Structures are given as C-alpha cells and as structure tokens.
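> One structure follows; several queries about it will come next.
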Amino acid sequence: MSAAILTPDQQEFQEYARRWLAENAPPTPSERLPITPLEVMTVGQRDYLQGWQRKCYDAGLVGADYPVEYGGRGHEGFQRIANMEMSRANVPFLINVVGLNMAAPTILVHGTDAQKRKFIPGCLSGEDIWCQGFSEPGAGSDMANQQTRAVRDGDDWIVNGHKVWTSLGHFAKWMILITRTSKGHKYDGLTYFLAPIEGHEGVTVRPLVKITGESGFNEVFFEDARVPDAYRLDEVGKGWAVAMTTLTYERGAAESAGGGGGERVHPTQRLIDLARDTWRDGERASDDPVTRDAIVQRAIVAEGLKQNGRRARVEALCDHPMRLPLQQKLTSSEFVQHNTRLGVEIAGARSTLYKLDERAPEEGYWPLAYMNSYGHTIAAGTSEIQRNILGERVLGMPKSK
Amino acid sequence: MSAAILTPDQQEFQEYARRWLAENAPPTPSERLPITPLEVMTVGQRDYLQGWQRKCYDAGLVGADYPVEYGGRGHEGFQRIANMEMSRANVPFLINVVGLNMAAPTILVHGTDAQKRKFIPGCLSGEDIWCQGFSEPGAGSDMANQQTRAVRDGDDWIVNGHKVWTSLGHFAKWMILITRTSKGHKYDGLTYFLAPIEGHEGVTVRPLVKITGESGFNEVFFEDARVPDAYRLDEVGKGWAVAMTTLTYERGAAESAGGGGGERVHPTQRLIDLARDTWRDGERASDDPVTRDAIVQRAIVAEGLKQNGRRARVEALCDHPMRLPLQQKLTSSEFVQHNTRLGVEIAGARSTLYKLDERAPEEGYWPLAYMNSYGHTIAAGTSEIQRNILGERVLGMPKSK
Amino acid sequence: MSKKDSAPKNFGFGEDEAMLRDLARRFLDERLPIETLRRLVAEAPEPVYDQGQRSRWDEGLWKEIVELGWTGLAVDEAEGGAGISLAGIAGVVEEAGRHALPSPLVATLGASLVLREAGTEAAQRVLSQIAAGSTASLAITGERGAWEASEPALEARAEGDEVVLDGSAYFVQDAFKADVMVASARLGEAVALFAVPADAQGVTLDADHIHDLTRDQATVRFEDVRVGSEAFVSKDGLGALERAWPGLLVLVTADLCGSSEWQLQTTVEYARQRTQFDRQIGFFQAVKHPLVDAMVEIDRAKSLLYHAACEFDRGSEDAEKAARMAKSAASDAGAFISDRSVQLHGGIGFTWECDVHLFFKRSLHNQALLGDGVHQRKKLANTLIGPIGA
Amino acid sequence: MSKKDSAPKNFGFGEDEAMLRDLARRFLDERLPIETLRRLVAEAPEPVYDQGQRSRWDEGLWKEIVELGWTGLAVDEAEGGAGISLAGIAGVVEEAGRHALPSPLVATLGASLVLREAGTEAAQRVLSQIAAGSTASLAITGERGAWEASEPALEARAEGDEVVLDGSAYFVQDAFKADVMVASARLGEAVALFAVPADAQGVTLDADHIHDLTRDQATVRFEDVRVGSEAFVSKDGLGALERAWPGLLVLVTADLCGSSEWQLQTTVEYARQRTQFDRQIGFFQAVKHPLVDAMVEIDRAKSLLYHAACEFDRGSEDAEKAARMAKSAASDAGAFISDRSVQLHGGIGFTWECDVHLFFKRSLHNQALLGDGVHQRKKLANTLIGPIGA
C-alpha cells in the first residue's frame with residue numbers, strides 16, 4: 001500500500017501496528033498450528049490462539065473500525081491496515097473467524113442496539129468463539145432447503161434439527177443459526193438466530209472426522225433446545241436476507257481474515273523446495289522440465305490472484321464491480337487444491353507417507369493439505385455453485401437451478 | 001483381425017480384397033483430397049472420388065452384405081473385412097458417406113420394398129450422392145425442434161423450410177429430410193422423407209463458407225418444393241424414430257466408413273515429424289520435454305481409441321454394451337481437435353501461415369485441420385450433447401434438458 | 001502369419017479368464033462388501049494413524065484366497081501354479097482394486113513375475129512355495145523412491161558359499177504380509193536378486209506411516225543377512241526386473257482401473273440419489289459431464305491395460321511401451337475420478353464415514369507407485385520420439 | 001520509502017490513463033463497429049486467401065488515429081510524443097484488440113519501445129518521425145521464427161561511412177503498413193540496430209499468406225541496402241531489444257486481453273439469446289461454467305498485464321518476469337476462449353459469416369507471437385527455480 005494514499009492518522013496507525021507486531025509476535029506454539037482456523041482441533045491450539053487474538057484486540061488491531069460502544073475503536077480504514085500488517089508480520093491467524101467475519105458484521109447490519117452491545121465485543125476479543133449453523137445433511141448447496149424447525153413458545157423458540165459441517169463447533173459459545181419457522185414459502189419461511197451452544201440444554205455437538213482422519217468440524221443436534229426470542233436477528237421470515245448478508249462477508253473473508261496463518265512460505269517457493277528435495281528417476285524433480293512447467297503454472301496463478309486483489313481496487317480497470325470479488329472464493333480454494341495436488345505429485349513415493357512418518361516431506365504437509373483443500377472447494381457454496389453465481393450475477397446468464 | 005475367427009469364405013474374401021486393392025489402388029489425384037468426405041469442395045475431387053467408389057462397388061468391396069435384390073452381394077460379415085482392408089491399404093475414402101452410412105441402412109430398416117429397390121443401389125455405387133437435412137438454424141442440438149413444414153397435397157407433400165449444415169449438399173441428388181407435419185406434439189409431429197435435391201423445383205442449395213474460408217457445406221432452402229408421398233419413409237408422425245435409426249448408424253459410422261482418407265501417416269508420427277522440423281528458442285521442438293510430454297499424451301489417447309475399438313468387441317470386458325460405442329463420436333472428434341491444436345502450438349510462428357504459403361508446414365495442414373475439427377465437435381450432436389447422452393444412457397443419470 | 005497378426009483379437013481374455021474374473025468378483029462381493037471393508041480398516045482413525053498401527057487385514061479371507069489359488073496365478077504349472085496369462089490376472093486384480101482388498105496379492109504376483117523372468121532353479125523353488133500359498137514382496141527400491149529398477153536396494157558380498165546382504169529397501173509394499181522378500185542387491189558390477197525369508201536372521205521391518213488404509217508399507221533393513229545358494233535367485237537381476245517391469249506396471253494399472261471404476265459407479269449412484277434444488281444432482285451438467293469424462297478416461301486406461309497385458313503375454317517388443325501407456329492413463333484417470341468422487345459427494349464426501357476416502361487413498365498411492373504419468377511419458381518419449389538431442 | 005513500496009497501488013493507471021482508454025473505446029466503438037470490420041476484412045474469403053491479397057485496412061481511420069496521437073504514445077515528450085506510461089498504452093492496445101483493429105499500431109508502438117531503449121540520437125530522430133505520424137515495425141526475426149532477440153535477422157558490414165545490410169527478416173508484423181523497418185543485424189561481434197525506410201533501395205517485401213485477416217505479415221528482404229549514420233540506431237542492439245522485450249510482450253498481451261474479452265462477451269450474449277430445448281443455452285452448465293472459467297483466465301491475464309506494464313514503467317528488475325507471466329496467462333486464456341467461442345456458437349460459429357473467426361484467428365496469431373505459454377514458462381523456470389542442473 002503506497003503511503004501516499006493514507007491519511008496522517010492512518011499512517012501513524014500503520015507504523016504503530018508494524019512496531020507493535022514486531023515487538024509482540026508470539027513465541028512458536030508447542031503444538032503445531034493448522035493451516036486455517038477451521039482446522040483447530042485441540043484445546044492447546046485453541047488457548048494459544050484465543051490468547052493471541054485477545055492480545056491483538058487489546059492492542060487495537062482487531063475491531064479497529066467498529067463503534068466504541070460495541071467494543072471497537074471507532075476508526076475508519078484502520079482495519080485493512082491492521083490486517084495487512086498482521087499478514088506481513090506472519091503472525092498466527094485470529095481464531096474467531098466466524099465471529100469476526102460473519103457474526104459481527106451481520107449483527108452490525110441486522111441487530112438491535114442491545115444485540116450489538118451483547119454480542120459484538122466477544123466476537124472481537126475472541127472471548128466468545130462462534131460457529132455457523134447453515135449446512136444441513138439435506139441443505140448443502142441448496143441452502144434454502146433448511147429443515148431445522150423453530151417453533152414459537154412464549155418468549156422462546158423451540159429448535160429441533162441437525163446441522164453439519166460446523167467448524168469450531170466444539171469450542172463455540174454461540175452459533176449463527178438459520179431455521180425454518182414456516183413451511184409455506186421456501187425462502188420466506190426462514191428465520192435467523194444467535195443461538196447459545198456451549199453447555200446449552202438440548203444442544204449436542206458431535207465431532208465429525210475428516211477424510212484425513214483429523215477432526216475440527218462437527219455436527220450439531222438440536223433437540224427441543226430453547227432460544228430466547230431476544231436472540232432472533234431481524235424479523236421472523238427474513239432469515240434468507242440475513243443469511244445473504246453473512247455470506248457476502250464470508251465470501252470476502254479471505255481478504256480480511258488477517259494474520260499470516262500457517263503459510264509462512266510463499267506457496268510456489270514451497271513447491272520449488274520440495275522439488276529440489278525430491279528425486280525422480282535419478283534426477284532432482286526441480287530439474288525435470290515438465291515439473292518445472294507445472295510449478296511455473298502455479299506461480300503464475302499465484303501472482304494472478306495477488307494482482308487480481310490489487311486490480312479489484314482500481315475502479316477504472318474493472319468493468320463490472322462484482323466480477324473480481326465474486327471470483328475470490330472459487331479461485332483461492334481451487335488454487336490451494338491445485339497447488340497441493342501438484343505437491344503430492346512431485347513428492348512421488350514419499351507422498352504416501354502420513355505426517356507421523358519421519359521421512360514424510362514437510363511433516364506430511366502435501367497429502368494432508370491436498371485432502372483438506374476439498375473442505376474449501378465444498379464448504380460455503382461448492383465450486384460448482386460459485387460458477388453458477390458468477391455466470392448468473394456477473395455474466396447475466398439464466399439461473400441453472 | 002486374427003485369421004482364426006474368419007470362415008473359409010471370409011478368409012478367401014479377405015485375400016481377394018487385399019489383392020484387389022494392391023492391384024487397383026488409384027493414382028494420386030491431381031487435386032489434393034480433403035481429410036474427410038464432408039469437406040469435398042470441387043467437381044474434380046467429386047469425380048475422382050465417385051469414380052473410385054464405383055470401382056470398389058463393382059469389385060464387391062461396397063455393399064458386400066446388402067441383399068442382392070437391392071444392389072448388394074448378399075454376404076455376411078464381408079463388409080467389415082472390406083472396410084478394414086481398405087483402411088489398411090490406405091486408399092481414398094468413399095465419398096457417399098451419407099448415402100452409405102445413413103440413408104441406406106435407414107431405408108433398409110424403415111423402407112418399403114419399392115423404396116429399397118429404388119434407392120439403395122445408388123447409395124452403394126456412389127452414383128446418387130446423398131446429403132442430410134436434419135439441422136436447422138433453430139434446431140441444432142435440439143433436433144426435435146424442426147420448423148421445416150410438410151403439408152399433404154394429393155399424392156405429394158409441399159415442403160417449406162430452411163436446412164443448414166448440409167455437407168455434400170452441392171453434389172447431392174437426394175436428401176434424408178426430417179419435417180414437421182403436425183404442430184401438436186414435439187416428437188410425434190415429425191415425418192421423414194427421401195427428398196429430391198439436384199435440379200428439383202423449389203429447392204435452392206447455397207454453399208456456406210466455413211471459418212477456414214473453404215466451402216464444403218451448405219444451406220438448403222425449400223420453397224413450395226413437392227415431394228411425392230411415395231418418398232415418405234415409414235409412417236406420418238414416425239419421423240423421430242426413423243431419425244434415431246439414422247443417428248445410431250451415423251454415430252457408429254466412423255468405424256464403418258472405410259478407406260484410409262487423408263490420414264496417410266499416424267497422427268502421432270505427424271506431430272513428431274512437425275516437432276523435428278520446428279525450432280523453439282534455438283532447439284528443435286522435438287527436444288523440448290514439455291512438447292514431448294504433450295505429444296506422448298496424444299499418442300496415449302490415440303492408442304486408447306484403437307484399443308477401445310478392440311475391447312468393444314470383447315463382451316467379457318464390457319460391462320455395459322453401449323458404453324464404448326456411444327463414446328466414439330465424442331472421443332474421436334475431440335481427439336482430432338486436441339491433436340491438431342497441439343500441432344498449431346508446436347508449429348509456433350509458422351502456424352500463422354495459410355496453406356498457400358510455401359513456408360507453411362505440411363501445406364498449412366495444422367491450422368486448417370484444427371479449425372475444421374470444430375465441424376466434428378459441433379455437427380451430429382455437439383460434444384456437450386454427447387456427454388448428456390453418455391451420462392443418461394450409460395450412467396443412468398437424469399436428463400439434463 | 002506375421003508377428004503383428006498374432007495379437008489375439010480378444011487380448012487373450014477368453015472364456016477361462018472371464019470365468020476366473022467373474023468368480024473373483026462374486027467371491028469379493030460376498031466376502032468383502034464395503035461395510036465389511038470399512039469396519040475392517042477404518043473403524044476409527046486414531047488406531048490407524050495416531051498410534052501408528054499397521055493397516056488391518058482379514059487373514060481368514062486371505063486363507064480362502066490362497067485356497068482359490070490366487071497366489072499361484074502367475075506361477076507356471078510346472079511349479080504347481082495356475083500359469084494364468086497376465087490378461088487373466090489383470091481381471092482378478094481389477095476386482096481386488098474394485099474392492100480395495102487389503103492383501104499381499106499384488107505384491108506376491110509382482111514378485112512372482114520377477115522370479116519367473118529370473119528363471120533359475122532357485123527362483124523356481126520360491127515360485128513353488130508361492131503356488132503353495134506363500135506370499136512375497138519386492139524389496140528393490142532405495143531411499144529416494146526411484147521408480148526404476150536400476151538402483152539396487154542392498155549391497156551384497158560373497159563370503160564362502162554364502163552371500164551377505166546389507167542395507168535397506170524402502171517403500172516395500174505389504175511387507176508385513178510377505179513371507180519372502182525378493183531383494184535386489186549390488187554384487188560386484190551386477191545387480192543380483194535374492195529371495196530372503198522375512199523372518200531371516202538380520203531382517204527387520206520398520207513400518208511406514210501411510211495414508212492408504214488398505215495396505216502396509218515398510219522399510220526392510222538387512223543387517224549382515226547371510227543367505228545360501230537356495231536364496232540366490234539371479235545373477236542378472238536387472239535383466240529379470242526389466243523383463244518383468246511391464247508386468248509390474250500392468251498389476252498396478254489393473255488395481256487402479258478397478259478402484260477407479262468403484263469410484264465412478266459410487267459417485268454416479270450418489271448423483272442419482274442426492275437431491276438439491278429439487279433435482280437429483282446428476283441432472284446438473286457440472287456433475288454429469290465430469291463423470292462422463294471420468295468414464296472416458298477409465299475406459300481408455302482399461303483398454304490400454306488389457307492391450308498391455310496381452311503384449312506382455314505374447315512377449316512383444318512393445319510390451320514396455322504398452323504398459324507405460326496404460327500406467328500413465330490409469331494414474332491420470334485415477335487422479336481425476338478421485339478428485340471428482342470427493343468433490344461431487346459434497347460435505348459427506350469430506351468425512352471419514354463416507355467410503356470414498358478409502359479408495360481415494362488407495363488410488364493416490366497407486367498413482368505414485370512405479371511412477372506417475374509424467375514419469376511414464378518421459379520414458380515413452382524416448383521410445384516414441386527418440387532421446388533428446390538425437 | 002523502499003523500492004518495493006514504490007509500486008503504485010493503481011498500476012499507475014490513473015485518471016489520465018483511464019480517460020485515454022475511454023476515448024479509445026468510444027472512438028473505436030463508433031468508427032469500427034463489428035459490421036464495419038467484417039465488411040472491411042472479410043467480405044468474401046476468396047480475395048483474401050485464394051488470390052493472396054493482403055489484409056485490407058482503413059487508411060482513413062488510421063489518419064484519424066495518427067491525429068489522435070497514438071503513434072506517439074510511446075515517444076517521449078522531448079521527441080514530440082505523448083510519453084504515456086506503458087500502463088496507459090496497454091489500455092489503448094486492449095481496445096485495439098477488443099475491436100480487432102487492423103493497423104500498424106502495435107508494430108509501431110513496439111518499434112518505439114525498442115528505439116527508446118536504444119536511446120541514441122539516431123533513434124530519437126526516428127522517434128520524432130513516429131510522433132509525427134510515421135509507422136514502423138520490427139524486422140528482427142530469422143527464418144526459424146525464434147521467439148527471442150538473440151539471433152539477428154540480417155548481416156551488416158561497414159563500407160566507408162555507410163553500412164550495407166543483407167539478408168531477410170521473417171515474420172515482420174504489418175510490414176506493408178510500416179514506413180520504417182527497425183532491423184537487427186550482425187555487425188562483427190555485435191548485434192546492431194538500424195532504422196531503414198521501407199522504400200529504401202534494395203528493400204523488398206514478400207507477403208506471407210496468413211490466416212489472421214486483421215493484419216499482414218511479410219518477409220522483408222534486404223539486398224545490398226546501404227544506409228548512413230542517420231539509420232544506425234544502436235551498436236548494442238541486443239541490449240536495447242532485451243530491455244524493451246517486456247514491453248513488447250505487454251503490447252501483445254494487451255491485444256490478447258482485448259480480443260479475449262470481446263470473445264467472452266459475444267459468446268455470453270449468444271448464450272443469453274440462443275434457445276435450445278426451450279431454454280436459453282446459458283442455462284446449461286456445460287455452457288455457463290466454461291464461460292466462467294474463461295472469465296477467470298481472462299481476469300488473471302488482465303491483472304498480470306497491468307502489473308507487467310507497471311513493473312516496466314518503474315524499471316523494476318521483475319519486469320521481464322511479470323511480462324512473461326502475463327504473456328503466458330494471456331496466451332492460454334486466448335486459446336481457451338477462442339476454443340469455446342467457436343464451440344458454443346455451434347453451427348453458426350463454424351461459418352465465415354459469424355464474426356467469431358475474426359477474433360479466433362487474431363488470437364491464434366497473437367498466442368504464438370513472441371512465444372507461447374510453454375516458451376514463456378520455460379524462461380520463467382530459469383528465473384524462479386534456477387537453471388536445470390544448478
């Protein structure tokens with residue numbers, strides 16, 4: 001970011017953030033961190049990351065642009081600077097990804113003042129970890145096909161149903177929850193709640209195991225669970241519109257997530273290092289021209305994503321305002337998938353090895369990251385759905401469903 | 001073909017065919033022949049090829065299995081032998097591809113005895129060149145959406161409409177024609193005719209020019225053209241079923257087409273020769289490992305197609321009887337497309353040159369063949385439609401339309 | 001009749017081979033349905049991965065397989081085997097792949113092919129044992145995991161009548177299920193082959209932690225292992241390995257074709273049942289067309305597989321070319337259907353409880369085994385185009 | 001401020017550049033709508049192809065373009081040009097590509113970039129002419145059509161105050177529209193650059209028959225061509241060419257991005273209008289999804305294009321890397337949308353009367369020009385990974 005376009009306040013904040021991060025970068029955790037918050041598995045990881053988010057929050061690097069009355073700092077244009085500096089400093093990611101990028105902005109748009117005061121501060125500080133209750137066994141890509149029922153009972157709603165794909169559910173205090181409150185219309189029959197999870201009666205969180213054998217996401221069962229009407233977000237029957245707000249923030253979240261995460265090395269460099277360290281038929285894989293071509297192809301995509309992000313902010317070079325932003329989820333998730341798949345190919349015989357094997361390249365990163373990449377091409381709208389969205393909203397072709 | 005599985009008669013026929021072809025292979029034509037019959041453009045090419053088909057017919061290499069009363073030789077299992085020997089001998093293709101592979105077999109299934117006697121002999125000898133009137137401007141992939149109307153008038157039908165994509169139309173005496181005879185039901189309102197074309201009143205054939213700048217296919221206009229009811233094939237309203245018969249033969253036609261065509265060199269060898277003759281940044285393209293990998297990929301697909309043909313006849317190795325046959329049209333047309341595209345890439349700067357340029361590799365074969373390849377991925381059911389057919393008929397998934 | 005004409009039209013896959021394959025299919029359908037396989041190898045991830053326990057297999061089932069004579073499929077009748085053509089064996093291995101059978105079948109068949117090419121009396125004695133039910137695996141790969149036989153795994157030195165073997169063989173497939181290790185070792189200038197009992201003095205197995213739940217893999221360490229002439233299988237081990245190589249490729253290719261077909265059919269079935277937006281998802285071309293493309297790729301691989309088996313059986317000069325083509329096509333088809341099978345199963349496909357991961361991982365392993373598509377094509381380019389710079 | 005920070009956030013594409021680009025778009029929308037282009041270059045195939053006539057262009061339109069000052073876009077203000085940044089020029093060339101403008105614009109801009117890097121007085125004189133409306137083209141390619149500047153096209157020898165040029169330059173773009181040939185020639189050990197009037201004694205043009213209807217291409221033969229010091233543009237021609245090379249790649253990339261965008265929008269429009277099976281074909285994911293994939297590829301190329309232009313403008317060490325990435329991405333995107341634009345137009349897309357072939361052929365030409373994706377990536381691998389064997 002060129003210094004020229006920052007206000008003096010912002011410039012000062014940038015310098016502060018840079019200095020603070022340099023001085024406060026946390027020690028290496030005793031347990032290896034996963035690549036994204038969605039794969040946080042253990043209490044040890046959680047505590048470490050929750051502590052780090054709290055520290056950043058206290059330093060003003062989280063919630064910088066939120067109103068003071070909701071736990072923020074009331075600035076303008078500070079958060080992007082903070083995110084960029086966190087990314088540049090390669091510090092750990094912020095664990096409360098659902099709270100920060102989905103719950104808080106949705107509550108800010110649709111919530112009552114009381115709801116904003118109650119919920120937003122915990123999202124920012126990381127004290128209240130949130131999870132997302134949108135996916136159901138029968139409502140994957142077809143998100144409006146919600147079967148979880150909420151029935152009014154005095155000041156409460158009685159919720160019954162089954163949510164799946166609930167990342168961070170095992171640590172979550174709260175869930176952003178879509179329910180069906182009317183069987184009439186598919187879309188107008190939905191209502192959105194801020195539902196208590198941890199220790200709440202009638203709520204059971206069961207970890208789901210991923211194809212890798214790791215856990216990290218969950219299914220959540222509601223059996224006559226009570227949710228106060230005070231925790232309903234926006235009007236009854238407006239759940240679809242609220243969920244769309246959430247998804248808008250989610251789809252742009254990759255950019256605003258902040259923190260360097262597990263990716264401490266440029267992904268292309270990582271492939272190059274692997275190729276240098278791997279032998280194919282008597283030569284280094286890094287000397288095999290077909291492998292070199294494949295790596296360079298990935299490097300070009302990586303650079304393209306980076307420059308897309310830059311171009312998205314140059315209005316004169318964007319004919320359609322949503323054309324680049326709506327690509328982000330599709331292209332970044334498939335980028336990781338293709339990259340890690342190439343890593344598996346390059347690793348050759350050694351790609352068979354699990355992370356516990358001492359000869360596994362980079363502690364078994366490649367096959368695990370490859371398998372985990374499907375989490376991102378499936379969740380929050382599969383790549384197929386993303387292509388529909390782009391074809392319809394950007395290119396104006398008729399709906400495929 | 002292993003000799004062991006042929007009857008003594010068939011063996012004798014094989015030897016005869018081989019000998020006859022060796023002795024009667026025609027001289028190189030004065031005009032270069034196109035790659036397939038669908039691109040025959042000039043009268044000179046037509047005359048040469050029509051003469052060759054007649055000669056093969058007289059020798060018993062065409063129509064070998066058709067009944068004697070319809071101009072055939074009344075054998076069993078001779079035609080495949082003849083086709084194979086023609087292919088092996090690398091003689092020119094048989095020009096009357098629509099007559100041989102579409103009209104004749106359809107008439108044999110659906111025609112009256114009189115129709116069979118009238119039409120089949122000319123299909124076989126090549127005297128009557130046929131064309132196909134299935135495609136219309138509004139009925140491409142959606143073949144049942146025929147707008148060409150036929151209205152009964154005494155012993156005739158009055159036909160009005162507009163057919164496109166009519167290969168060989170400029171040389172055709174006859175057309176297999178689908179018309180709409182009732183507006184009620186989409187499928188049951190169709191009727192199939194054997195329609196006179198050349199010199200017939202109310203019929204205008206206008207050559208269409210391809211993207212390459214070559215002609216070879218046409219649009220055909222019917223303006224109050226009369227077609228005798230005696231030339232109606234099967235019942236009124238049964239046109240869809242008759243057309244399905246035609247398409248079944250068409251889709252399998254690549255195998256039974258006979259003749260070596262323009263492809264006198266194995267396509268992979270052709271790519272290799274091109275690569276040896278082309279320089280990329282100071283080295284021969286045949287020494288560039290990425291190009292080598294691409295060529296070998298094509299070679300594997302070529303060998304796969306060949307072995308698919310072999311496996312399709314081994315019942316024990318085919319779980320689903322239509323799985324391989326229905327792939328043929330898709331895979332062979334895309335094979336040619338990918339092959340010629342690779343040729344264009346390898347040719348590099350010289351791929352810009354048109355066939356009249358003396359420095360154009362192989363007389364400009366690659367870019368022309370690449371562009372022409374779209375004729376085959378579009379006509380007779382686009383590749384997209386082929387994938388629907390395979391997904392539905394072989395894999396049993398629901399219809400996409 | 002010219003050599004060219006002698007390639008049988010049916011790949012040598014006649015009635016006997018079809019019967020054998022059908023029997024294998026019925027047997028495995030009955031004895032190893034997917035629920036049984038899942039219970040066997042994937043009850044819970046922790047025991048498999050986190051405690052480093054080796055993949056479980058059903059030894060009772062294996063006894064039945066031995067009784068069916070499958071260990072002896074590649075052993076000549078003279079040594080008590082069935083002497084089935086490789087085309088016939090490919091049919092059986094396809095079924096093993098389609099059921100993701102955890103067993104030393106492929107390893108044993110591979111070792112048999114190498115021993116058969118060695119052709120010595122010592123080799124024949126081991127083949128007799130295999131025909132009688134012994135299992136074997138090839139210990140021929142160095143630490144780098146090279147994909148060709150040229151670098152032997154061990155060092156050998158003669159001491160009197162004995163040979164002493166030292167070193168380690170890596171990436172040994174189903175090593176914990178093997179009775180005999182067929183190991184390559186440098187002996188002077190040559191690469192020699194030895195058949196060493198897995199329980200011989202000085203042989204130890206070090207389990208790899210691997211993703212594939214349907215096999216095991218190990219480093220086999222040889223420390224001062226002394227073997228007599230009965231173990232000395234070949235002085236020209238490299239020749240035997242190179243002659244057998246197309247056969248080894250065919251075996252892995254067959255396994256890949258079988259597992260790919262399972263993935264295709266299972267995903268198609270899911271696409272016919274799963275409903276989204278009030279339609280079976282197979283309605284959507286984004287689901288349907290990739291599955292068609294996968295079918296096309298699998299069919300290509302399968303046709304090339306039987307061609308390669310047939311070329312091997314008839315001792316064709318093109319056997320290696322055909323086998324590398326088949327392995328390349330099968331590796332790529334396996335990668336593609338593995339990818340689509342997870343993606344198109346959606347959320348459930350990402351979980352441990354969905355069976356697709358069992359085949360995903362077996363396929364991933366097989367894609368790399370003996371060299372992926374890029375590797376095979378590099379070798380093929382030298383044959384088809386000639387060496388670079390020539 | 002570190003060098004790294006000095007990369008402008010907006011690629012240096014500010015208000016002035018946007019205005020220039022918008023003007024170009026409006027001007028070409030009005031003066032060269034697709035019907036006009038079609039009539040101009042593709043009225044009937046025979047005159048173009050079969051009689052070897054050169055592609056037609058609208059010289060009146062070109063005069064207006066000269067008046068708009070586009071020939072001088074890459075000429076510094078000191079020489080009477082506009083001195084626009086390459087990012088700004090890329091915007092104009094994108095529009096030229098989007099309209100498939102037949103003109104010597106790209107050739108002249110390319111020659112200007114090389115002359116500017118040469119930096120001599122002779123070069124500056126030629127640049128002044130260009131700013132005043134002269135056109136130019138690079139004659140730097142040998143018969144093999146190599147994609148780099150290292151092999152000069154001609155031989156030069158000094159004779160007194162003059163230099164004599166002999167030989168042929170191949171694949172010279174829009175040669176028949178160029179007033180000046182900027183030619184590379186071997187002079188002793190060096191590669192020198194000369195600016196030779198196209199009508200100089202001994203210079204003859206031999207038209208290539210090409211597919212692209214929107215440009216011409218020729219072999220330019222130099223027979224005993226005598227030039228004075230005013231034509232001697234650079235002794236270190238190779239240096240000038242290498243410094244200008246990223247800029248040349250940017251120009252072709254911009255043309256590709258523009259034509260690809262036209263192909264995308266035109267095919268999308270067709271998919272919204274064409275009905276099959278009672279639905280607009282854009283309903284079908286087999287149509288919709290490939291067009292989305294094409295959009296993603298085009299956007300990647302376009303972002304890399306402006307990044308490359310920006311790196312060139314600020315003299316970054318990464319300019320060559322960025323330009324090769326952009327050309328690779330744009331070539332591949334162009335190939336993909338060219339393919340889909342014909343296929344998804346169906347029967348009509350296969351005809352001469354449908355406009356897609358005009359862009360298909362221009363794109364095919366540009367994909368090869370200065371090296372396709374495979375070539376660029378080979379060069380990039382040496383930068384990113386290091387030379388093979390190092």
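Residue numbering restarts at 1 for every chain of the structure tokens, chains are lettered A, B, ... in their displayed order, and ligands are numbered from 1 as they appear.
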Write out as a VMD selection string every residue belonging to chain A that has an atom at most 8 Å from any atom of chain C, counting only C-alpha atoms.

chain A and resid 138 to 142 145 165 208 to 214 278 to 282 290 345 348 to 357 374 to 375 377 to 379 382 384 401

> Within 10 Å of chain B, which residues of chain A show up when using only C-alpha atoms, listed as a list in words?

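Residues passing the distance filter: Asp288, Pro289, Val290, Thr291, Arg292, Asp293 and Ala294 of chain A.
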
> For C-alpha atoms, I'd like the residues from the last selection saved as a PDB file, in the first residue's frame.


```pdb
ATOM      1  CA  ASP A 288      12.570 -32.082 -14.688  1.00  0.00           C
ATOM      2  CA  PRO A 289      11.216 -29.637 -17.275  1.00  0.00           C
ATOM      3  CA  VAL A 290       7.651 -30.943 -17.099  1.00  0.00           C
ATOM      4  CA  THR A 291       7.633 -30.461 -13.335  1.00  0.00           C
ATOM      5  CA  ARG A 292       9.206 -27.030 -13.771  1.00  0.00           C
ATOM      6  CA  ASP A 293       6.472 -26.062 -16.203  1.00  0.00           C
ATOM      7  CA  ALA A 294       3.816 -27.215 -13.741  1.00  0.00           C
TER       8      ALA A 294
END
```

> Using only C-alpha atoms, can you tell me which of D:Ala200, D:Leu264, D:Val126, D:Leu187 comes closest to Val296 of chain D?

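Distance minimum relative to Val296 of chain D lands on D:Leu264.
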
> Least-squares superposition of chain C on chain D, every Cα paired in order: what RMSD, in Å?

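When all C-alpha atoms are superposed, the deviation is 0.0 Å.
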
> Using backbone DSSP assignments, extract all alpha helix (DSSP H) residues from segment 139-304 of chain A; output them as number ranges by chain.

A: 239-251, 253-256, 267-276, 289-304

> Go ahead and compute the interatomic distance for atom CA of Ala25 of chain B and atom CA of Lys55 of chain B, in Å to one decimal.

10.2 Å

> Between C:Met181, C:Ala330, C:Pro290, C:Ala18, which has the minimum distance to chain D (counting only C-alpha atoms)?

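With only C-alpha atoms as the atom set, the closest residue is C:Pro290.
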
> Please return, as a PyMOL selection string, all residues of segment 192-370 of chain B that DSSP assigns to strand (DSSP E) on the basis of the backbone.

chain B and resi 192-196+203-208+217-228+232-233+279-280+283-284

> Just the number, please: distance in Å from atom CA of Val252 of chain D to atom CA of Ser103 of chain D, one decimal.

13.6 Å

> Residues at most 7 Å from Gly228 of chain D, counting only C-alpha atoms, excluding those fewer than 3 positions away in the same chain, as a VMD selection string?

chain D and resid 161 to 163 231 to 232

> Quick one: everything within 8 Å of Leu101 of chain C, counting only C-alpha atoms, minus sequence neighbours fewer than 2 positions away in the same chain. Send it as an mmCIF file with N, CA, C and O atoms, in the first residue's frame.


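The resulting file, selection-v8.cif, is shown below:
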```cif
data_model
loop_
_atom_site.group_PDB
_atom_site.id
_atom_site.type_symbol
_atom_site.label_atom_id
_atom_site.label_comp_id
_atom_site.auth_asym_id
_atom_site.auth_seq_id
_atom_site.Cartn_x
_atom_site.Cartn_y
_atom_site.Cartn_z
ATOM 1 N N LEU C 32 -16.254 -59.406 0.936
ATOM 2 C CA LEU C 32 -15.728 -58.102 1.313
ATOM 3 C C LEU C 32 -16.613 -56.972 0.785
ATOM 4 O O LEU C 32 -16.167 -56.109 0.036
ATOM 5 N N LEU C 37 -15.386 -53.972 4.650
ATOM 6 C CA LEU C 37 -14.090 -53.316 4.458
ATOM 7 C C LEU C 37 -13.950 -52.129 5.408
ATOM 8 O O LEU C 37 -12.916 -51.965 6.071
ATOM 9 N N ALA C 96 -9.769 -57.002 -7.263
ATOM 10 C CA ALA C 96 -9.143 -56.655 -5.981
ATOM 11 C C ALA C 96 -9.155 -55.144 -5.789
ATOM 12 O O ALA C 96 -9.439 -54.637 -4.699
ATOM 13 N N GLY C 97 -8.879 -54.406 -6.864
ATOM 14 C CA GLY C 97 -8.899 -52.948 -6.782
ATOM 15 C C GLY C 97 -10.296 -52.421 -6.564
ATOM 16 O O GLY C 97 -10.511 -51.486 -5.795
ATOM 17 N N ARG C 98 -11.252 -53.016 -7.229
ATOM 18 C CA ARG C 98 -12.630 -52.563 -7.111
ATOM 19 C C ARG C 98 -13.158 -52.770 -5.690
ATOM 20 O O ARG C 98 -14.060 -52.084 -5.240
ATOM 21 N N HIS C 99 -12.581 -53.736 -4.987
ATOM 22 C CA HIS C 99 -12.985 -53.978 -3.602
ATOM 23 C C HIS C 99 -11.975 -53.427 -2.606
ATOM 24 O O HIS C 99 -12.129 -53.631 -1.413
ATOM 25 N N SER C 103 -4.477 -56.951 1.128
ATOM 26 C CA SER C 103 -3.889 -58.289 0.989
ATOM 27 C C SER C 103 -2.528 -58.173 0.331
ATOM 28 O O SER C 103 -2.218 -57.153 -0.280
ATOM 29 N N THR C 214 -5.501 -49.566 3.202
ATOM 30 C CA THR C 214 -5.749 -50.922 2.700
ATOM 31 C C THR C 214 -4.467 -51.665 2.380
ATOM 32 O O THR C 214 -4.499 -52.690 1.708
#
```
